[in-house]
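Undergrad: Contents of run29.txt (compact mmCIF, C-alpha atoms (C1' of nucleotides)) are given next:
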# COMPACT_ATOMS: atom_id res chain seq x y z
CA MET A 1 181.12 9.85 -111.37
CA LYS A 2 178.56 9.22 -108.63
CA ILE A 3 175.15 7.91 -109.68
CA ALA A 4 172.34 7.33 -107.19
CA SER A 5 168.84 5.85 -107.23
CA PHE A 6 166.09 6.79 -104.77
CA ASN A 7 162.43 5.77 -104.57
CA ILE A 8 161.13 8.96 -102.98
CA ASN A 9 157.48 7.85 -102.53
CA GLY A 10 155.96 11.14 -103.65
CA ILE A 11 157.83 14.28 -104.74
CA LYS A 12 155.38 16.59 -103.00
CA ALA A 13 155.86 14.95 -99.61
CA ARG A 14 159.59 14.32 -100.06
CA LEU A 15 160.99 17.49 -101.64
CA PRO A 16 162.61 18.82 -98.43
CA LEU A 17 164.33 15.49 -97.72
CA LEU A 18 165.32 15.09 -101.38
CA LEU A 19 166.94 18.53 -101.49
CA GLU A 20 168.74 17.89 -98.19
CA TRP A 21 170.07 14.57 -99.48
CA LEU A 22 171.14 16.01 -102.86
CA ARG A 23 173.17 18.70 -101.08
CA GLU A 24 174.84 16.17 -98.81
CA ALA A 25 175.35 13.20 -101.15
CA ALA A 26 175.93 15.35 -104.22
CA PRO A 27 175.38 12.67 -106.87
CA ASP A 28 176.20 13.65 -110.45
CA VAL A 29 173.10 11.73 -111.54
CA ALA A 30 170.01 10.87 -109.47
CA ILE A 31 167.45 8.33 -110.69
CA LEU A 32 164.09 8.80 -108.97
CA GLN A 33 161.04 6.55 -108.69
CA GLU A 34 157.48 7.02 -107.46
CA ILE A 35 157.38 10.75 -108.07
CA LYS A 36 153.54 10.41 -107.99
CA SER A 37 153.22 13.58 -110.01
CA VAL A 38 152.38 14.68 -113.52
CA ASP A 39 155.27 16.31 -115.40
CA ALA A 40 153.70 19.78 -115.18
CA ASN A 41 153.58 19.67 -111.36
CA PHE A 42 157.12 18.37 -110.84
CA PRO A 43 159.16 20.98 -108.91
CA ARG A 44 161.96 21.50 -111.43
CA GLU A 45 163.13 24.89 -110.17
CA PRO A 46 164.56 23.95 -106.74
CA LEU A 47 166.36 21.03 -108.37
CA GLU A 48 167.71 23.18 -111.19
CA GLU A 49 168.95 25.62 -108.55
CA LEU A 50 171.14 22.79 -107.23
CA GLY A 51 172.62 22.44 -110.71
CA TYR A 52 170.57 19.55 -112.04
CA ASN A 53 169.05 19.07 -115.46
CA VAL A 54 165.65 17.42 -115.04
CA ALA A 55 163.77 14.89 -117.17
CA THR A 56 160.49 13.43 -115.95
CA HIS A 57 158.05 10.74 -117.00
CA GLY A 58 155.14 11.18 -114.65
CA GLN A 59 151.48 10.31 -114.29
CA LYS A 60 148.71 11.30 -111.91
CA SER A 61 148.80 9.88 -108.38
CA PHE A 62 150.91 6.77 -108.99
CA ASN A 63 154.25 5.64 -110.32
CA GLY A 64 156.36 8.16 -112.22
CA VAL A 65 160.13 8.29 -112.72
CA ALA A 66 162.66 11.08 -113.21
CA LEU A 67 166.31 11.69 -113.99
CA LEU A 68 168.42 14.47 -112.49
CA SER A 69 171.87 15.13 -113.92
CA LYS A 70 174.55 17.76 -113.54
CA LEU A 71 175.63 16.84 -117.08
CA PRO A 72 173.19 17.40 -119.94
CA LEU A 73 170.56 14.68 -120.45
CA GLU A 74 170.60 13.67 -124.09
CA ASP A 75 168.30 11.46 -126.19
CA VAL A 76 165.68 11.12 -123.46
CA THR A 77 163.11 8.37 -124.10
CA ARG A 78 160.08 7.60 -121.97
CA GLY A 79 158.34 4.28 -121.44
CA LEU A 80 159.58 0.69 -121.72
CA PRO A 81 159.26 -0.64 -125.29
CA GLY A 82 157.25 -3.76 -126.03
CA ASP A 83 153.63 -2.92 -125.12
CA GLU A 84 151.89 0.03 -126.75
CA ALA A 85 148.90 -0.43 -124.39
CA ASP A 86 150.99 0.00 -121.23
CA GLU A 87 150.21 3.45 -119.82
CA GLN A 88 152.05 3.16 -116.50
CA ALA A 89 154.96 5.62 -116.15
CA ARG A 90 157.73 3.34 -114.93
CA TYR A 91 160.70 3.78 -117.26
CA ILE A 92 162.94 6.53 -118.59
CA GLU A 93 166.26 6.50 -120.45
CA ALA A 94 168.80 9.17 -121.21
CA THR A 95 172.45 9.49 -122.16
CA VAL A 96 174.88 11.50 -120.07
CA VAL A 97 178.20 12.39 -121.59
CA GLY A 98 181.16 12.92 -119.29
CA THR A 99 184.51 11.81 -120.58
CA ARG A 100 182.52 8.94 -122.10
CA ALA A 101 178.86 8.44 -122.98
CA LEU A 102 176.73 6.45 -120.56
CA ARG A 103 173.16 5.30 -121.17
CA ILE A 104 171.08 5.51 -117.99
CA CYS A 105 167.91 3.42 -117.66
CA GLY A 106 165.75 4.42 -114.69
CA LEU A 107 163.00 2.01 -113.75
CA TYR A 108 160.21 1.35 -111.29
CA LEU A 109 159.42 -2.31 -111.75
CA PRO A 110 155.84 -3.38 -110.92
CA ASN A 111 155.24 -4.74 -107.43
CA GLY A 112 153.18 -7.69 -108.71
CA ASN A 113 151.02 -8.44 -105.67
CA PRO A 114 148.76 -10.22 -105.22
CA ALA A 115 150.29 -13.28 -106.84
CA PRO A 116 149.01 -15.08 -108.75
CA GLY A 117 146.78 -12.63 -110.62
CA PRO A 118 146.82 -9.98 -113.34
CA LYS A 119 149.24 -7.73 -111.45
CA PHE A 120 151.74 -10.56 -111.13
CA ALA A 121 151.36 -11.41 -114.82
CA TYR A 122 152.02 -7.73 -115.63
CA LYS A 123 155.18 -7.81 -113.51
CA LEU A 124 156.56 -10.89 -115.26
CA ALA A 125 155.68 -9.52 -118.71
CA TRP A 126 157.33 -6.21 -117.79
CA MET A 127 160.50 -8.04 -116.74
CA GLU A 128 160.58 -9.87 -120.06
CA ARG A 129 160.28 -6.53 -121.87
CA LEU A 130 163.13 -5.20 -119.70
CA ARG A 131 165.26 -8.19 -120.67
CA THR A 132 164.55 -7.53 -124.34
CA ARG A 133 165.64 -3.92 -123.88
CA ALA A 134 168.82 -5.01 -122.08
CA LYS A 135 169.66 -7.37 -124.96
CA ALA A 136 169.26 -4.53 -127.46
CA LEU A 137 171.52 -2.25 -125.41
CA LEU A 138 174.13 -4.98 -124.98
CA SER A 139 174.23 -5.49 -128.73
CA GLN A 140 175.09 -1.81 -129.17
CA GLU A 141 178.15 -2.23 -126.92
CA GLU A 142 177.67 1.18 -125.35
CA PRO A 143 178.15 1.33 -121.56
CA PHE A 144 174.80 1.37 -119.79
CA LEU A 145 173.15 0.76 -116.47
CA MET A 146 169.67 -0.16 -115.32
CA ALA A 147 168.85 1.17 -111.89
CA GLY A 148 165.88 1.76 -109.67
CA ASP A 149 163.26 0.03 -107.59
CA PHE A 150 163.21 -3.51 -109.01
CA ASN A 151 160.75 -4.84 -106.43
CA ILE A 152 162.83 -8.04 -106.41
CA ILE A 153 164.50 -9.68 -103.41
CA PRO A 154 167.21 -11.62 -105.28
CA GLN A 155 168.13 -14.09 -102.54
CA ALA A 156 167.16 -15.11 -99.00
CA GLU A 157 170.10 -13.15 -97.56
CA ASP A 158 168.55 -9.99 -99.03
CA ALA A 159 165.72 -10.08 -96.45
CA ALA A 160 165.81 -9.92 -92.66
CA ARG A 161 162.94 -12.44 -92.52
CA PRO A 162 162.91 -14.30 -95.86
CA GLU A 163 160.21 -16.70 -94.64
CA ALA A 164 157.79 -13.76 -94.43
CA TRP A 165 158.20 -13.15 -98.17
CA ARG A 166 157.85 -16.73 -99.48
CA LYS A 167 154.47 -16.12 -101.12
CA ASP A 168 155.11 -12.49 -102.03
CA ALA A 169 155.59 -11.29 -105.62
CA LEU A 170 158.94 -9.76 -104.59
CA PHE A 171 160.40 -13.14 -103.67
CA LEU A 172 158.41 -15.82 -105.51
CA PRO A 173 160.54 -18.24 -107.57
CA GLU A 174 159.12 -16.89 -110.86
CA SER A 175 160.16 -13.33 -109.95
CA ARG A 176 163.67 -14.32 -108.93
CA GLU A 177 163.99 -16.49 -112.02
CA ALA A 178 163.10 -13.51 -114.21
CA TRP A 179 165.71 -11.45 -112.32
CA ARG A 180 168.36 -14.12 -112.95
CA ARG A 181 167.43 -14.32 -116.64
CA LEU A 182 168.07 -10.58 -116.86
CA VAL A 183 171.32 -10.62 -114.87
CA HIS A 184 172.60 -13.66 -116.76
CA LEU A 185 172.64 -11.69 -120.00
CA GLY A 186 175.91 -10.44 -118.57
CA LEU A 187 174.90 -7.67 -116.18
CA THR A 188 176.52 -7.04 -112.80
CA ASP A 189 174.56 -6.49 -109.56
CA ALA A 190 176.82 -3.67 -108.34
CA PHE A 191 176.09 -4.01 -104.63
CA ARG A 192 176.60 -7.78 -104.47
CA ALA A 193 179.67 -7.64 -106.71
CA LEU A 194 181.46 -5.37 -104.23
CA HIS A 195 179.84 -6.60 -100.99
CA PRO A 196 179.24 -10.37 -101.22
CA THR A 197 177.96 -10.72 -97.64
CA ARG A 198 176.94 -7.23 -96.53
CA GLU A 199 173.31 -6.58 -95.47
CA GLY A 200 172.33 -3.89 -97.99
CA TYR A 201 168.62 -3.41 -97.25
CA THR A 202 167.02 -0.52 -99.14
CA PHE A 203 163.40 -0.76 -97.95
CA TRP A 204 161.65 -0.98 -94.58
CA ASP A 205 157.83 -1.05 -94.42
CA PHE A 206 156.10 1.87 -92.74
CA GLN A 207 154.04 -0.65 -90.78
CA ARG A 208 154.77 -2.91 -87.84
CA GLY A 209 157.83 -0.96 -86.73
CA ALA A 210 159.89 -2.52 -89.52
CA TRP A 211 162.58 0.16 -89.35
CA ASN A 212 163.04 -0.07 -85.59
CA ARG A 213 163.42 -3.85 -85.88
CA ASN A 214 165.64 -3.55 -88.99
CA ASP A 215 163.13 -5.75 -90.78
CA GLY A 216 164.35 -4.72 -94.23
CA ILE A 217 164.74 -6.03 -97.76
CA ARG A 218 167.17 -5.28 -100.60
CA ILE A 219 165.01 -4.39 -103.61
CA ASP A 220 166.67 -1.30 -105.15
CA HIS A 221 169.48 -2.27 -107.47
CA PHE A 222 172.10 -1.17 -109.97
CA LEU A 223 172.73 -3.52 -112.90
CA LEU A 224 175.79 -2.62 -114.95
CA SER A 225 176.80 -3.55 -118.48
CA PRO A 226 180.15 -5.38 -118.76
CA GLN A 227 182.13 -2.31 -119.86
CA LEU A 228 180.71 -0.29 -117.01
CA ALA A 229 181.22 -3.01 -114.40
CA ASP A 230 184.94 -2.85 -115.14
CA ARG A 231 184.89 0.79 -113.99
CA LEU A 232 182.88 0.24 -110.78
CA THR A 233 184.79 1.45 -107.71
CA GLU A 234 182.16 1.85 -104.96
CA CYS A 235 178.56 0.98 -104.12
CA GLY A 236 176.71 2.02 -101.00
CA VAL A 237 173.32 2.47 -99.37
CA ASP A 238 172.42 5.64 -97.43
CA LYS A 239 170.68 3.65 -94.70
CA GLU A 240 170.49 6.46 -92.17
CA MET A 241 168.07 8.29 -94.47
CA ARG A 242 165.35 5.92 -93.25
CA GLY A 243 165.68 7.33 -89.74
CA ARG A 244 165.21 10.97 -90.71
CA GLU A 245 162.10 13.07 -90.33
CA ARG A 246 159.28 12.20 -92.76
CA PRO A 247 161.31 9.56 -94.61
CA SER A 248 160.47 7.55 -97.70
CA ASP A 249 160.10 3.81 -97.08
CA HIS A 250 163.11 3.37 -99.41
CA VAL A 251 166.63 4.78 -99.02
CA PRO A 252 169.11 5.81 -101.74
CA ILE A 253 171.57 3.39 -103.28
CA TRP A 254 174.57 4.76 -105.18
CA ILE A 255 177.63 3.78 -107.18
CA ASN A 256 180.89 5.41 -108.11
CA ILE A 257 182.51 4.71 -111.46
CA ASP A 258 185.81 5.74 -112.98
CA SER A 259 185.06 8.39 -115.55
C1' DA B 1 147.59 -10.30 -89.96
C1' DT B 2 142.18 -10.27 -94.14
C1' DG B 3 147.78 -4.83 -93.64
C1' DC B 4 149.24 -2.39 -87.49
C1' DC B 5 151.62 3.32 -92.00
C1' DT B 6 152.01 6.75 -95.51
C1' DC B 7 151.26 8.37 -99.85
C1' DC B 8 147.91 9.92 -103.35
C1' DC B 9 143.36 11.77 -104.66
C1' DC B 10 141.06 16.05 -102.18
C1' DG B 11 138.31 17.92 -98.48
C1' DA B 12 135.71 11.65 -96.92
C1' DG B 13 137.58 7.66 -96.95
C1' DG B 14 139.38 4.41 -100.43
C1' DG B 15 143.25 2.64 -103.54
C1' DA B 16 148.04 1.49 -103.71
C1' DG B 17 152.19 0.27 -101.95
C1' DA B 18 155.46 -4.17 -100.57
Could I get this structure in the form of C-alpha cells?

TA:
Amino acid sequence: MKIASFNINGIKARLPLLLEWLREAAPDVAILQEIKSVDANFPREPLEELGYNVATHGQKSFNGVALLSKLPLEDVTRGLPGDEADEQARYIEATVVGTRALRICGLYLPNGNPAPGPKFAYKLAWMERLRTRAKALLSQEEPFLMAGDFNIIPQAEDAARPEAWRKDALFLPESREAWRRLVHLGLTDAFRALHPTREGYTFWDFQRGAWNRNDGIRIDHFLLSPQLADRLTECGVDKEMRGRERPSDHVPIWINIDS
DNA sequence: ATGCCTCCCCGAGGGAGA
C-alpha cells in the first residue's frame, strides 16, 4: 500500500498539479495539508473521478487538511483533541481497511514564527497535544501513522543552510526537543530509517531562488507506529514536483508498506 | 534581509506562510 503526504498550498491554485500527480504517483491514500478552503468549496468530484473517497477538515483562507483514499475512510474524526478553544483546522484522522486496519493521522503542525511569542507557544502546546494523542493510539496497539507538514527540521543535516534557521521556530531547540519527545514514544521517522544520509528536502521557499539553489529543508514527515514500521518497505520524496509549472512550495513524500 | 514569492481574501493591498 502506497501512502503519500502533500502540502498543496491551496486546493484552488493546485488542483491541476494535484490531479496530474495523483494519476502519475497513484497513491492508495493521499494526506493533504493547506487546502485553504472550506469543506463546501473543496473540489470532491474530480478527485472522486480518480477513484478516491474524500474527507476534509477545512476552514476559510488558511490551514485545512484532507484525506483521499481508494479504500473507504472509516471513523473519520476532525481536530486534534486537548483544546476545545482551538479553531484551526490542522488535524484529521480516519481508518482505512485493506487486509488490515490502519489508522491515518493527517496533520498540519503550526509554523510557530515569530519565536518567542504566542504563535510559538501555540506550536509547542500543539505538539504536546499531538504527543498525548500518539500515546493514546500506542496504548490501543493498532497500527497507525502520523504524517504531514510537521514544520520541524529534525537535525542540521535536514537543511541545506542550517545556520540560516538557528533562530527559526522550525529549528529552535525547543521545537526539536518536542519532536524528539514525540518520536521517542516509539515512533519511526520513515525517511530517516530507510535513508540515514540521504538529502530528503521537502520544502523550498518561493523567495530568493531557493529552488534553483537547492536551498531546501526536510519538514514533511511520516511517523510510524512500531507494528507499522516493521512493514515499511520504501520511502521517497517526489522532488521533481517542485520544478513543475505553478508548483507548491512543498513536494510529496510517500511510503510503501506491506499490506 | 525589517521577507526578494505565492497563496488567500476579493477586486486594493494586507495577512500568512517558513

Undergrad: Just to confirm, what's the straight-line distance from CA of Leu102 in chain A to CA of Leu145 in chain A in Å (one decimal)?

TA: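 CA of Leu145 in chain A lies 7.9 Å from CA of Leu102 in chain A.
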
Undergrad: Please identify all residues of chain B having at least one atom at most 7 Å from any atom of chain A, considering only C-alpha atoms (C1' of nucleotides), and return them as a list in words.

TA: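 Filtering chain B at 7 Å from chain A with only C-alpha atoms (C1' of nucleotides) gives DC4, DC5, DT6, DC7, DC8, DC9 and DA18 of chain B.
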
Undergrad: What's the 12 Å shell around Arg103 in chain A, counting only C-alpha atoms (C1' of nucleotides), without same-chain residues fewer than 3 positions away, as a PyMOL selection string?

TA: chain A and resi 3+29+67+73-77+92-98+100+106+134+137-138+140-147+224-225+227-228

Undergrad: Create the file for the chosen residues now, containing C-alpha atoms and written as a short mmCIF file (atom, residue, chain, number, x, y, z; two decimals), in the coordinates of the input.

TA:
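Final file, result27.cif:
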data_model
loop_
_atom_site.label_atom_id
_atom_site.label_comp_id
_atom_site.auth_asym_id
_atom_site.auth_seq_id
_atom_site.Cartn_x
_atom_site.Cartn_y
_atom_site.Cartn_z
CA ILE A 3 175.15 7.91 -109.68
CA VAL A 29 173.10 11.73 -111.54
CA LEU A 67 166.31 11.69 -113.99
CA LEU A 73 170.56 14.68 -120.45
CA GLU A 74 170.60 13.67 -124.09
CA ASP A 75 168.30 11.46 -126.19
CA VAL A 76 165.68 11.12 -123.46
CA THR A 77 163.11 8.37 -124.10
CA ILE A 92 162.94 6.53 -118.59
CA GLU A 93 166.26 6.50 -120.45
CA ALA A 94 168.80 9.17 -121.21
CA THR A 95 172.45 9.49 -122.16
CA VAL A 96 174.88 11.50 -120.07
CA VAL A 97 178.20 12.39 -121.59
CA GLY A 98 181.16 12.92 -119.29
CA ARG A 100 182.52 8.94 -122.10
CA GLY A 106 165.75 4.42 -114.69
CA ALA A 134 168.82 -5.01 -122.08
CA LEU A 137 171.52 -2.25 -125.41
CA LEU A 138 174.13 -4.98 -124.98
CA GLN A 140 175.09 -1.81 -129.17
CA GLU A 141 178.15 -2.23 -126.92
CA GLU A 142 177.67 1.18 -125.35
CA PRO A 143 178.15 1.33 -121.56
CA PHE A 144 174.80 1.37 -119.79
CA LEU A 145 173.15 0.76 -116.47
CA MET A 146 169.67 -0.16 -115.32
CA ALA A 147 168.85 1.17 -111.89
CA LEU A 224 175.79 -2.62 -114.95
CA SER A 225 176.80 -3.55 -118.48
CA GLN A 227 182.13 -2.31 -119.86
CA LEU A 228 180.71 -0.29 -117.01
#

Undergrad: Could you tell me how far CA of Ala136 in chain A lies from CA of Ser259 in chain A, in Å and to one decimal?

TA: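 Between CA of Ala136 in chain A and CA of Ser259 in chain A the gap is 23.6 Å.
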
Undergrad: Tell me which of A:Met1, A:Leu80, A:Ala85, A:Leu187 sits closest to Glu128 in chain A, counting all atoms listed in the file.

TA: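 The shortest atom-to-atom distance to Glu128 in chain A comes from A:Leu80.
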
Undergrad: Tell me which of A:Phe191, A:Trp21, A:Phe171, A:Tyr91 sits closest to Glu240 in chain A, counting all atoms listed in the file.

TA: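 Smallest separation from Glu240 in chain A among the options: A:Trp21.
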
Undergrad: Rounded to one decimal place, report the CA of Phe150 in chain A-CA of Glu45 in chain A distance in Å.

TA: 28.4 Å

Undergrad: Which residues, written as a list in words, have at least one atom at most 10 Å from range 114-127 of chain A, with all atoms listed in the file counted and residues fewer than 6 positions away on the same chain left out?

TA: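 Near neighbours after the sequence-gap exclusion: Leu80, Pro81, Gly82, Asp83, Asp86, Arg90, Arg133, Phe150, Asn151, Lys167, Asp168, Ala169, Leu170, Leu172, Glu174, Ser175, Glu177, Ala178, Trp179, Arg181 and Leu182 of chain A.
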
Undergrad: Would you mind listing what lies within 6 Å of His57 in chain A as a list in words, with all atoms listed in the file counted and same-chain residues fewer than 3 positions away left out?

TA: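 Once the nearby chain positions are removed, what remains is Gly64, Val65 and Ala66 of chain A.
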
Undergrad: Tell me which of A:Leu130, A:Ala4, A:Leu32, A:Ala101 sits closest to Phe222 in chain A, counting all atoms listed in the file.

TA: A:Ala4

Undergrad: Which residues are near range 40-44 of chain A? Cut-off 8 Å, only C-alpha atoms (C1' of nucleotides), ignore same chain within fewer than 6 positions. Put them as a VMD selection string.

TA: chain A and resid 11 54 56

Undergrad: I'd like the neighbourhood of Lys135 in chain A as a list of chain:residue names, where a residue qualifies if any of its atoms comes within 10 Å (using all atoms listed in the file), though same-chain residues fewer than 6 positions away should be ignored.

TA: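 Using all atoms listed in the file, the neighbours found are A:Arg129, A:Leu182, A:Leu185, A:Gly186.
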